[in-house]
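As stored in run.txt (compact mmCIF, N, CA, C and O atoms):
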# COMPACT_ATOMS: atom_id res chain seq x y z
N GLU M 119 0.85 -1.18 0.00
CA GLU M 119 0.00 0.00 0.00
C GLU M 119 0.89 1.24 0.00
O GLU M 119 1.80 1.38 0.81
N VAL M 120 0.63 2.13 -0.92
CA VAL M 120 1.42 3.35 -1.05
C VAL M 120 0.59 4.51 -0.51
O VAL M 120 -0.58 4.67 -0.87
N VAL M 121 1.19 5.29 0.36
CA VAL M 121 0.51 6.44 0.96
C VAL M 121 1.04 7.69 0.29
O VAL M 121 2.25 7.91 0.20
N GLU M 122 0.13 8.53 -0.20
CA GLU M 122 0.55 9.76 -0.86
C GLU M 122 1.03 10.79 0.17
O GLU M 122 0.64 10.75 1.33
N ASN M 123 1.87 11.70 -0.33
CA ASN M 123 2.36 12.74 0.56
C ASN M 123 1.28 13.78 0.80
O ASN M 123 0.28 13.84 0.09
N GLN M 124 1.51 14.59 1.80
CA GLN M 124 0.53 15.61 2.16
C GLN M 124 0.79 16.85 1.32
O GLN M 124 1.85 17.46 1.38
N ARG M 125 -0.18 17.23 0.53
CA ARG M 125 0.00 18.39 -0.34
C ARG M 125 0.07 19.69 0.47
O ARG M 125 0.79 20.61 0.09
N ILE M 126 -0.65 19.76 1.56
CA ILE M 126 -0.64 20.98 2.37
C ILE M 126 0.74 21.23 2.96
O ILE M 126 1.16 22.37 3.16
N LEU M 127 1.49 20.16 3.21
CA LEU M 127 2.83 20.30 3.79
C LEU M 127 3.76 21.03 2.83
O LEU M 127 4.59 21.83 3.25
N ASN M 128 3.64 20.77 1.53
CA ASN M 128 4.50 21.44 0.56
C ASN M 128 4.31 22.95 0.58
O ASN M 128 5.27 23.71 0.42
N THR M 129 3.10 23.40 0.80
CA THR M 129 2.82 24.83 0.89
C THR M 129 3.59 25.46 2.05
O THR M 129 4.23 26.51 1.89
N TYR M 130 3.56 24.80 3.19
CA TYR M 130 4.25 25.34 4.36
C TYR M 130 5.76 25.24 4.22
O TYR M 130 6.48 26.10 4.73
N LEU M 131 6.26 24.23 3.53
CA LEU M 131 7.70 24.11 3.33
C LEU M 131 8.21 25.24 2.42
O LEU M 131 9.30 25.78 2.64
N LYS M 132 7.43 25.60 1.41
CA LYS M 132 7.81 26.72 0.54
C LYS M 132 7.79 28.03 1.33
O LYS M 132 8.68 28.88 1.18
N LYS M 133 6.79 28.18 2.19
CA LYS M 133 6.70 29.39 3.02
C LYS M 133 7.88 29.46 3.98
O LYS M 133 8.44 30.53 4.22
N LEU M 134 8.28 28.30 4.51
CA LEU M 134 9.43 28.25 5.42
C LEU M 134 10.71 28.69 4.70
O LEU M 134 11.49 29.47 5.24
N ALA M 135 10.90 28.21 3.47
CA ALA M 135 12.09 28.60 2.71
C ALA M 135 12.10 30.10 2.47
O ALA M 135 13.14 30.77 2.58
N TYR M 136 10.93 30.66 2.16
CA TYR M 136 10.82 32.11 1.94
C TYR M 136 11.18 32.88 3.21
O TYR M 136 11.95 33.85 3.17
N LEU M 137 10.61 32.47 4.34
CA LEU M 137 10.89 33.17 5.60
C LEU M 137 12.36 33.07 5.99
O LEU M 137 12.94 34.01 6.53
N GLN M 138 12.98 31.92 5.71
CA GLN M 138 14.40 31.77 6.04
C GLN M 138 15.27 32.66 5.17
O GLN M 138 16.28 33.20 5.63
N ARG M 139 14.87 32.85 3.91
CA ARG M 139 15.61 33.78 3.05
C ARG M 139 15.46 35.21 3.56
O ARG M 139 16.43 35.98 3.57
N GLN M 140 14.25 35.56 4.00
CA GLN M 140 14.02 36.90 4.54
C GLN M 140 14.85 37.11 5.81
O GLN M 140 15.42 38.18 6.01
N TYR M 141 14.92 36.08 6.64
CA TYR M 141 15.70 36.16 7.89
C TYR M 141 17.17 36.40 7.58
O TYR M 141 17.84 37.19 8.25
N ALA M 142 17.68 35.73 6.55
CA ALA M 142 19.09 35.84 6.22
C ALA M 142 19.46 37.26 5.78
O ALA M 142 20.62 37.66 5.90
N ARG M 143 18.49 38.02 5.30
CA ARG M 143 18.75 39.37 4.81
C ARG M 143 18.65 40.44 5.90
O ARG M 143 18.96 41.60 5.64
N LYS M 144 18.19 40.05 7.08
CA LYS M 144 18.02 41.03 8.16
C LYS M 144 19.36 41.39 8.78
O LYS M 144 20.30 40.58 8.80
N LYS M 145 19.43 42.58 9.31
CA LYS M 145 20.63 43.03 10.00
C LYS M 145 20.77 42.27 11.31
O LYS M 145 19.80 42.10 12.05
N LYS M 146 21.97 41.81 11.59
CA LYS M 146 22.22 40.99 12.77
C LYS M 146 21.91 41.77 14.05
O LYS M 146 22.36 42.90 14.22
N GLY M 147 21.12 41.14 14.92
CA GLY M 147 20.79 41.74 16.21
C GLY M 147 19.66 42.75 16.19
O GLY M 147 19.35 43.34 17.22
N SER M 148 19.04 42.95 15.05
CA SER M 148 17.98 43.96 14.96
C SER M 148 16.66 43.40 15.48
O SER M 148 16.48 42.19 15.62
N GLY M 149 15.73 44.30 15.72
CA GLY M 149 14.40 43.89 16.17
C GLY M 149 13.66 43.11 15.10
O GLY M 149 12.93 42.16 15.39
N ASN M 150 13.84 43.50 13.84
CA ASN M 150 13.18 42.79 12.75
C ASN M 150 13.73 41.37 12.61
O ASN M 150 12.99 40.46 12.24
N GLN M 151 15.00 41.18 12.91
CA GLN M 151 15.56 39.83 12.86
C GLN M 151 14.93 38.96 13.95
O GLN M 151 14.60 37.80 13.71
N LYS M 152 14.71 39.54 15.11
CA LYS M 152 14.11 38.78 16.21
C LYS M 152 12.66 38.40 15.88
O LYS M 152 12.22 37.29 16.14
N LYS M 153 11.92 39.36 15.27
CA LYS M 153 10.54 39.06 14.87
C LYS M 153 10.52 37.97 13.80
O LYS M 153 9.64 37.10 13.80
N SER M 154 11.50 38.02 12.92
CA SER M 154 11.56 37.04 11.84
C SER M 154 11.83 35.64 12.39
O SER M 154 11.23 34.66 11.93
N ILE M 155 12.70 35.52 13.37
CA ILE M 155 13.03 34.21 13.93
C ILE M 155 11.84 33.65 14.69
O ILE M 155 11.63 32.43 14.72
N VAL M 156 11.01 34.52 15.27
CA VAL M 156 9.80 34.05 15.95
C VAL M 156 8.82 33.46 14.93
O VAL M 156 8.23 32.41 15.16
N LYS M 157 8.67 34.13 13.78
CA LYS M 157 7.79 33.61 12.73
C LYS M 157 8.27 32.26 12.22
O LYS M 157 7.48 31.35 11.98
N ILE M 158 9.58 32.13 12.06
CA ILE M 158 10.14 30.85 11.58
C ILE M 158 9.87 29.76 12.61
O ILE M 158 9.51 28.64 12.25
N GLY M 159 10.03 30.06 13.88
CA GLY M 159 9.76 29.08 14.93
C GLY M 159 8.32 28.64 14.96
O GLY M 159 8.01 27.45 15.14
N GLN M 160 7.40 29.58 14.77
CA GLN M 160 5.99 29.23 14.74
C GLN M 160 5.66 28.34 13.56
O GLN M 160 4.89 27.37 13.69
N LEU M 161 6.28 28.62 12.41
CA LEU M 161 6.02 27.80 11.23
C LEU M 161 6.62 26.41 11.40
O LEU M 161 6.01 25.41 10.99
N HIS M 162 7.80 26.30 12.02
CA HIS M 162 8.38 24.99 12.32
C HIS M 162 7.44 24.17 13.21
O HIS M 162 7.26 22.97 13.00
N ARG M 163 6.85 24.82 14.20
CA ARG M 163 5.92 24.13 15.10
C ARG M 163 4.70 23.64 14.33
O ARG M 163 4.24 22.52 14.53
N LYS M 164 4.19 24.45 13.42
CA LYS M 164 3.03 24.07 12.62
C LYS M 164 3.35 22.87 11.73
O LYS M 164 2.56 21.93 11.64
N ILE M 165 4.52 22.88 11.10
CA ILE M 165 4.94 21.77 10.25
C ILE M 165 5.09 20.50 11.08
O ILE M 165 4.66 19.41 10.66
N LYS M 166 5.67 20.63 12.27
CA LYS M 166 5.83 19.47 13.16
C LYS M 166 4.48 18.87 13.51
O LYS M 166 4.29 17.65 13.48
N ASN M 167 3.51 19.73 13.83
CA ASN M 167 2.19 19.25 14.20
C ASN M 167 1.46 18.60 13.03
O ASN M 167 0.74 17.61 13.22
N ILE M 168 1.65 19.12 11.82
CA ILE M 168 1.03 18.51 10.64
C ILE M 168 1.58 17.11 10.43
O ILE M 168 0.83 16.17 10.18
N ARG M 169 2.90 16.96 10.54
CA ARG M 169 3.52 15.64 10.35
C ARG M 169 3.08 14.67 11.44
O ARG M 169 2.79 13.50 11.17
N LYS M 170 3.04 15.15 12.69
CA LYS M 170 2.65 14.29 13.80
C LYS M 170 1.20 13.82 13.63
O LYS M 170 0.89 12.65 13.84
N ASP M 171 0.32 14.74 13.23
CA ASP M 171 -1.08 14.40 13.03
C ASP M 171 -1.22 13.35 11.93
O ASP M 171 -1.97 12.38 12.07
N PHE M 172 -0.49 13.52 10.85
CA PHE M 172 -0.54 12.56 9.74
C PHE M 172 -0.08 11.18 10.19
O PHE M 172 -0.71 10.17 9.89
N HIS M 173 1.02 11.12 10.96
CA HIS M 173 1.52 9.83 11.43
C HIS M 173 0.53 9.16 12.38
O HIS M 173 0.33 7.94 12.32
N HIS M 174 -0.11 9.94 13.24
CA HIS M 174 -1.09 9.37 14.15
C HIS M 174 -2.29 8.82 13.39
O HIS M 174 -2.78 7.73 13.67
N LYS M 175 -2.78 9.59 12.41
CA LYS M 175 -3.92 9.12 11.63
C LYS M 175 -3.58 7.88 10.83
O LYS M 175 -4.38 6.94 10.74
N LEU M 176 -2.38 7.84 10.26
CA LEU M 176 -1.97 6.69 9.46
C LEU M 176 -1.80 5.45 10.34
O LEU M 176 -2.28 4.36 9.99
N SER M 177 -1.16 5.59 11.49
CA SER M 177 -0.97 4.43 12.38
C SER M 177 -2.30 3.94 12.94
O SER M 177 -2.52 2.73 13.08
N THR M 178 -3.22 4.85 13.24
CA THR M 178 -4.54 4.44 13.72
C THR M 178 -5.30 3.69 12.63
O THR M 178 -5.92 2.66 12.91
N ASN M 179 -5.20 4.17 11.41
CA ASN M 179 -5.86 3.50 10.29
C ASN M 179 -5.30 2.10 10.09
O ASN M 179 -6.05 1.14 9.89
N ILE M 180 -4.00 1.95 10.15
CA ILE M 180 -3.37 0.63 9.99
C ILE M 180 -3.80 -0.29 11.12
O ILE M 180 -4.13 -1.46 10.90
N ALA M 181 -3.81 0.21 12.35
CA ALA M 181 -4.16 -0.62 13.50
C ALA M 181 -5.61 -1.08 13.43
O ALA M 181 -5.94 -2.21 13.82
N LYS M 182 -6.50 -0.23 12.94
CA LYS M 182 -7.92 -0.59 12.88
C LYS M 182 -8.24 -1.54 11.73
O LYS M 182 -9.10 -2.40 11.86
N ASN M 183 -7.57 -1.37 10.61
CA ASN M 183 -7.94 -2.11 9.40
C ASN M 183 -7.12 -3.37 9.15
O ASN M 183 -7.50 -4.17 8.29
N GLN M 184 -6.04 -3.56 9.83
CA GLN M 184 -5.19 -4.74 9.61
C GLN M 184 -5.34 -5.70 10.78
O GLN M 184 -5.41 -5.29 11.93
N GLY M 185 -5.36 -6.99 10.48
CA GLY M 185 -5.50 -7.99 11.53
C GLY M 185 -4.25 -8.13 12.36
O GLY M 185 -4.29 -8.15 13.59
N VAL M 186 -3.10 -8.23 11.68
CA VAL M 186 -1.83 -8.43 12.37
C VAL M 186 -0.82 -7.45 11.78
O VAL M 186 -0.72 -7.29 10.57
N VAL M 187 -0.06 -6.81 12.65
CA VAL M 187 0.99 -5.90 12.22
C VAL M 187 2.31 -6.45 12.75
O VAL M 187 2.44 -6.71 13.94
N THR M 188 3.27 -6.64 11.85
CA THR M 188 4.58 -7.14 12.27
C THR M 188 5.65 -6.12 11.90
O THR M 188 5.50 -5.36 10.94
N VAL M 189 6.74 -6.15 12.65
CA VAL M 189 7.86 -5.27 12.39
C VAL M 189 9.09 -6.15 12.21
O VAL M 189 9.33 -7.07 13.00
N GLU M 190 9.86 -5.87 11.16
CA GLU M 190 11.02 -6.69 10.85
C GLU M 190 12.26 -5.81 10.87
O GLU M 190 12.28 -4.72 10.31
N ASP M 191 13.31 -6.31 11.50
CA ASP M 191 14.58 -5.60 11.55
C ASP M 191 15.49 -6.22 10.50
O ASP M 191 15.95 -7.35 10.65
N LEU M 192 15.74 -5.48 9.43
CA LEU M 192 16.52 -6.01 8.33
C LEU M 192 17.98 -5.61 8.45
O LEU M 192 18.31 -4.52 8.89
N ASN M 193 18.85 -6.53 8.04
CA ASN M 193 20.29 -6.25 7.98
C ASN M 193 20.60 -5.73 6.58
O ASN M 193 20.90 -6.50 5.67
N ILE M 194 20.52 -4.42 6.40
CA ILE M 194 20.66 -3.82 5.08
C ILE M 194 22.07 -4.02 4.54
O ILE M 194 22.25 -4.32 3.36
N LYS M 195 23.07 -3.91 5.39
CA LYS M 195 24.46 -4.08 4.92
C LYS M 195 24.67 -5.48 4.37
O LYS M 195 25.31 -5.67 3.34
N GLY M 196 24.13 -6.47 5.07
CA GLY M 196 24.26 -7.84 4.60
C GLY M 196 23.50 -8.07 3.30
O GLY M 196 23.95 -8.81 2.43
N MET M 197 22.37 -7.42 3.13
CA MET M 197 21.59 -7.58 1.91
C MET M 197 22.32 -6.93 0.72
O MET M 197 22.28 -7.45 -0.40
N VAL M 198 23.00 -5.83 0.97
CA VAL M 198 23.73 -5.15 -0.10
C VAL M 198 24.91 -5.99 -0.55
O VAL M 198 25.22 -6.07 -1.74
N LEU M 199 25.58 -6.65 0.38
CA LEU M 199 26.74 -7.47 0.03
C LEU M 199 26.34 -8.66 -0.85
O LEU M 199 27.13 -9.09 -1.67
N ASN M 200 25.13 -9.18 -0.65
CA ASN M 200 24.69 -10.31 -1.47
C ASN M 200 24.25 -9.80 -2.82
O ASN M 200 24.05 -10.42 -3.76

Produce structure tokens that represent the structure in this file.
Amino acid sequence: EVVENQRILNTYLKKLAYLQRQYARKKKGSGNQKKSIVKIGQLHRKIKNIRKDFHHKLSTNIAKNQGVVTVEDLNIKGMVLN
């Protein structure tokens, strides 16, 4: 089963890149630089919450709809050598 990415997340990632470019242009130690870093922090928090919500919804969906869920620890280095 393939899960599509969240389209809304791409919007916020583009906005984050824009805000970080704006921050880089601010004069060091200025009030505008401090306001800019606060905006970036708030956007990081929003992105974190979007990702966390998606993971919770996906794991809940898997737990409800699947009979058995197993986790396997693969030895990737050994598989590459073969």

Filtered DSSP result for chain M, state helix (DSSP H, G or I), as a compact mmCIF listing (two decimals) with N, CA, C and O atoms, in the coordinates of the input:
# COMPACT_ATOMS: atom_id res chain seq x y z
N ARG M 125 -0.18 17.23 0.53
CA ARG M 125 0.00 18.39 -0.34
C ARG M 125 0.07 19.69 0.47
O ARG M 125 0.79 20.61 0.09
N ILE M 126 -0.65 19.76 1.56
CA ILE M 126 -0.64 20.98 2.37
C ILE M 126 0.74 21.23 2.96
O ILE M 126 1.16 22.37 3.16
N LEU M 127 1.49 20.16 3.21
CA LEU M 127 2.83 20.30 3.79
C LEU M 127 3.76 21.03 2.83
O LEU M 127 4.59 21.83 3.25
N ASN M 128 3.64 20.77 1.53
CA ASN M 128 4.50 21.44 0.56
C ASN M 128 4.31 22.95 0.58
O ASN M 128 5.27 23.71 0.42
N THR M 129 3.10 23.40 0.80
CA THR M 129 2.82 24.83 0.89
C THR M 129 3.59 25.46 2.05
O THR M 129 4.23 26.51 1.89
N TYR M 130 3.56 24.80 3.19
CA TYR M 130 4.25 25.34 4.36
C TYR M 130 5.76 25.24 4.22
O TYR M 130 6.48 26.10 4.73
N LEU M 131 6.26 24.23 3.53
CA LEU M 131 7.70 24.11 3.33
C LEU M 131 8.21 25.24 2.42
O LEU M 131 9.30 25.78 2.64
N LYS M 132 7.43 25.60 1.41
CA LYS M 132 7.81 26.72 0.54
C LYS M 132 7.79 28.03 1.33
O LYS M 132 8.68 28.88 1.18
N LYS M 133 6.79 28.18 2.19
CA LYS M 133 6.70 29.39 3.02
C LYS M 133 7.88 29.46 3.98
O LYS M 133 8.44 30.53 4.22
N LEU M 134 8.28 28.30 4.51
CA LEU M 134 9.43 28.25 5.42
C LEU M 134 10.71 28.69 4.70
O LEU M 134 11.49 29.47 5.24
N ALA M 135 10.90 28.21 3.47
CA ALA M 135 12.09 28.60 2.71
C ALA M 135 12.10 30.10 2.47
O ALA M 135 13.14 30.77 2.58
N TYR M 136 10.93 30.66 2.16
CA TYR M 136 10.82 32.11 1.94
C TYR M 136 11.18 32.88 3.21
O TYR M 136 11.95 33.85 3.17
N LEU M 137 10.61 32.47 4.34
CA LEU M 137 10.89 33.17 5.60
C LEU M 137 12.36 33.07 5.99
O LEU M 137 12.94 34.01 6.53
N GLN M 138 12.98 31.92 5.71
CA GLN M 138 14.40 31.77 6.04
C GLN M 138 15.27 32.66 5.17
O GLN M 138 16.28 33.20 5.63
N ARG M 139 14.87 32.85 3.91
CA ARG M 139 15.61 33.78 3.05
C ARG M 139 15.46 35.21 3.56
O ARG M 139 16.43 35.98 3.57
N GLN M 140 14.25 35.56 4.00
CA GLN M 140 14.02 36.90 4.54
C GLN M 140 14.85 37.11 5.81
O GLN M 140 15.42 38.18 6.01
N TYR M 141 14.92 36.08 6.64
CA TYR M 141 15.70 36.16 7.89
C TYR M 141 17.17 36.40 7.58
O TYR M 141 17.84 37.19 8.25
N ALA M 142 17.68 35.73 6.55
CA ALA M 142 19.09 35.84 6.22
C ALA M 142 19.46 37.26 5.78
O ALA M 142 20.62 37.66 5.90
N GLY M 149 15.73 44.30 15.72
CA GLY M 149 14.40 43.89 16.17
C GLY M 149 13.66 43.11 15.10
O GLY M 149 12.93 42.16 15.39
N ASN M 150 13.84 43.50 13.84
CA ASN M 150 13.18 42.79 12.75
C ASN M 150 13.73 41.37 12.61
O ASN M 150 12.99 40.46 12.24
N GLN M 151 15.00 41.18 12.91
CA GLN M 151 15.56 39.83 12.86
C GLN M 151 14.93 38.96 13.95
O GLN M 151 14.60 37.80 13.71
N LYS M 152 14.71 39.54 15.11
CA LYS M 152 14.11 38.78 16.21
C LYS M 152 12.66 38.40 15.88
O LYS M 152 12.22 37.29 16.14
N LYS M 153 11.92 39.36 15.27
CA LYS M 153 10.54 39.06 14.87
C LYS M 153 10.52 37.97 13.80
O LYS M 153 9.64 37.10 13.80
N SER M 154 11.50 38.02 12.92
CA SER M 154 11.56 37.04 11.84
C SER M 154 11.83 35.64 12.39
O SER M 154 11.23 34.66 11.93
N ILE M 155 12.70 35.52 13.37
CA ILE M 155 13.03 34.21 13.93
C ILE M 155 11.84 33.65 14.69
O ILE M 155 11.63 32.43 14.72
N VAL M 156 11.01 34.52 15.27
CA VAL M 156 9.80 34.05 15.95
C VAL M 156 8.82 33.46 14.93
O VAL M 156 8.23 32.41 15.16
N LYS M 157 8.67 34.13 13.78
CA LYS M 157 7.79 33.61 12.73
C LYS M 157 8.27 32.26 12.22
O LYS M 157 7.48 31.35 11.98
N ILE M 158 9.58 32.13 12.06
CA ILE M 158 10.14 30.85 11.58
C ILE M 158 9.87 29.76 12.61
O ILE M 158 9.51 28.64 12.25
N GLY M 159 10.03 30.06 13.88
CA GLY M 159 9.76 29.08 14.93
C GLY M 159 8.32 28.64 14.96
O GLY M 159 8.01 27.45 15.14
N GLN M 160 7.40 29.58 14.77
CA GLN M 160 5.99 29.23 14.74
C GLN M 160 5.66 28.34 13.56
O GLN M 160 4.89 27.37 13.69
N LEU M 161 6.28 28.62 12.41
CA LEU M 161 6.02 27.80 11.23
C LEU M 161 6.62 26.41 11.40
O LEU M 161 6.01 25.41 10.99
N HIS M 162 7.80 26.30 12.02
CA HIS M 162 8.38 24.99 12.32
C HIS M 162 7.44 24.17 13.21
O HIS M 162 7.26 22.97 13.00
N ARG M 163 6.85 24.82 14.20
CA ARG M 163 5.92 24.13 15.10
C ARG M 163 4.70 23.64 14.33
O ARG M 163 4.24 22.52 14.53
N LYS M 164 4.19 24.45 13.42
CA LYS M 164 3.03 24.07 12.62
C LYS M 164 3.35 22.87 11.73
O LYS M 164 2.56 21.93 11.64
N ILE M 165 4.52 22.88 11.10
CA ILE M 165 4.94 21.77 10.25
C ILE M 165 5.09 20.50 11.08
O ILE M 165 4.66 19.41 10.66
N LYS M 166 5.67 20.63 12.27
CA LYS M 166 5.83 19.47 13.16
C LYS M 166 4.48 18.87 13.51
O LYS M 166 4.29 17.65 13.48
N ASN M 167 3.51 19.73 13.83
CA ASN M 167 2.19 19.25 14.20
C ASN M 167 1.46 18.60 13.03
O ASN M 167 0.74 17.61 13.22
N ILE M 168 1.65 19.12 11.82
CA ILE M 168 1.03 18.51 10.64
C ILE M 168 1.58 17.11 10.43
O ILE M 168 0.83 16.17 10.18
N ARG M 169 2.90 16.96 10.54
CA ARG M 169 3.52 15.64 10.35
C ARG M 169 3.08 14.67 11.44
O ARG M 169 2.79 13.50 11.17
N LYS M 170 3.04 15.15 12.69
CA LYS M 170 2.65 14.29 13.80
C LYS M 170 1.20 13.82 13.63
O LYS M 170 0.89 12.65 13.84
N ASP M 171 0.32 14.74 13.23
CA ASP M 171 -1.08 14.40 13.03
C ASP M 171 -1.22 13.35 11.93
O ASP M 171 -1.97 12.38 12.07
N PHE M 172 -0.49 13.52 10.85
CA PHE M 172 -0.54 12.56 9.74
C PHE M 172 -0.08 11.18 10.19
O PHE M 172 -0.71 10.17 9.89
N HIS M 173 1.02 11.12 10.96
CA HIS M 173 1.52 9.83 11.43
C HIS M 173 0.53 9.16 12.38
O HIS M 173 0.33 7.94 12.32
N HIS M 174 -0.11 9.94 13.24
CA HIS M 174 -1.09 9.37 14.15
C HIS M 174 -2.29 8.82 13.39
O HIS M 174 -2.78 7.73 13.67
N LYS M 175 -2.78 9.59 12.41
CA LYS M 175 -3.92 9.12 11.63
C LYS M 175 -3.58 7.88 10.83
O LYS M 175 -4.38 6.94 10.74
N LEU M 176 -2.38 7.84 10.26
CA LEU M 176 -1.97 6.69 9.46
C LEU M 176 -1.80 5.45 10.34
O LEU M 176 -2.28 4.36 9.99
N SER M 177 -1.16 5.59 11.49
CA SER M 177 -0.97 4.43 12.38
C SER M 177 -2.30 3.94 12.94
O SER M 177 -2.52 2.73 13.08
N THR M 178 -3.22 4.85 13.24
CA THR M 178 -4.54 4.44 13.72
C THR M 178 -5.30 3.69 12.63
O THR M 178 -5.92 2.66 12.91
N ASN M 179 -5.20 4.17 11.41
CA ASN M 179 -5.86 3.50 10.29
C ASN M 179 -5.30 2.10 10.09
O ASN M 179 -6.05 1.14 9.89
N ILE M 180 -4.00 1.95 10.15
CA ILE M 180 -3.37 0.63 9.99
C ILE M 180 -3.80 -0.29 11.12
O ILE M 180 -4.13 -1.46 10.90
N ALA M 181 -3.81 0.21 12.35
CA ALA M 181 -4.16 -0.62 13.50
C ALA M 181 -5.61 -1.08 13.43
O ALA M 181 -5.94 -2.21 13.82
N LYS M 182 -6.50 -0.23 12.94
CA LYS M 182 -7.92 -0.59 12.88
C LYS M 182 -8.24 -1.54 11.73
O LYS M 182 -9.10 -2.40 11.86
N ASN M 183 -7.57 -1.37 10.61
CA ASN M 183 -7.94 -2.11 9.40
C ASN M 183 -7.12 -3.37 9.15
O ASN M 183 -7.50 -4.17 8.29
N ILE M 194 20.52 -4.42 6.40
CA ILE M 194 20.66 -3.82 5.08
C ILE M 194 22.07 -4.02 4.54
O ILE M 194 22.25 -4.32 3.36
N LYS M 195 23.07 -3.91 5.39
CA LYS M 195 24.46 -4.08 4.92
C LYS M 195 24.67 -5.48 4.37
O LYS M 195 25.31 -5.67 3.34
N GLY M 196 24.13 -6.47 5.07
CA GLY M 196 24.26 -7.84 4.60
C GLY M 196 23.50 -8.07 3.30
O GLY M 196 23.95 -8.81 2.43
N MET M 197 22.37 -7.42 3.13
CA MET M 197 21.59 -7.58 1.91
C MET M 197 22.32 -6.93 0.72
O MET M 197 22.28 -7.45 -0.40
N VAL M 198 23.00 -5.83 0.97
CA VAL M 198 23.73 -5.15 -0.10
C VAL M 198 24.91 -5.99 -0.55
O VAL M 198 25.22 -6.07 -1.74
N LEU M 199 25.58 -6.65 0.38
CA LEU M 199 26.74 -7.47 0.03
C LEU M 199 26.34 -8.66 -0.85
O LEU M 199 27.13 -9.09 -1.67

Checklist line | M:Glu119, M:Gly185, M:Tyr130, M:Val198 ranked by distance to M:Lys164, top pick (using all atoms listed in the file) | finding: M:Tyr130

Next item on the list: List the neighbours of stretch 157-159 of chain M out to 10 Å using only C-alpha atoms; skip same-chain residues closer than 6 positions along the sequence, and give me the result as number ranges by chain.
Entry: M: 133-138, 141, 151, 165

Item checked: Distance in Å - atom CA of M:Phe172 versus atom CA of M:Leu127 ->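 Answer for the atom CA of M:Phe172 to atom CA of M:Leu127 separation: 10.3 Å.
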
Check: Between atom N of M:His174 and atom C of M:Leu161, what is the spacing in Å?
Finding: 17.9 Å
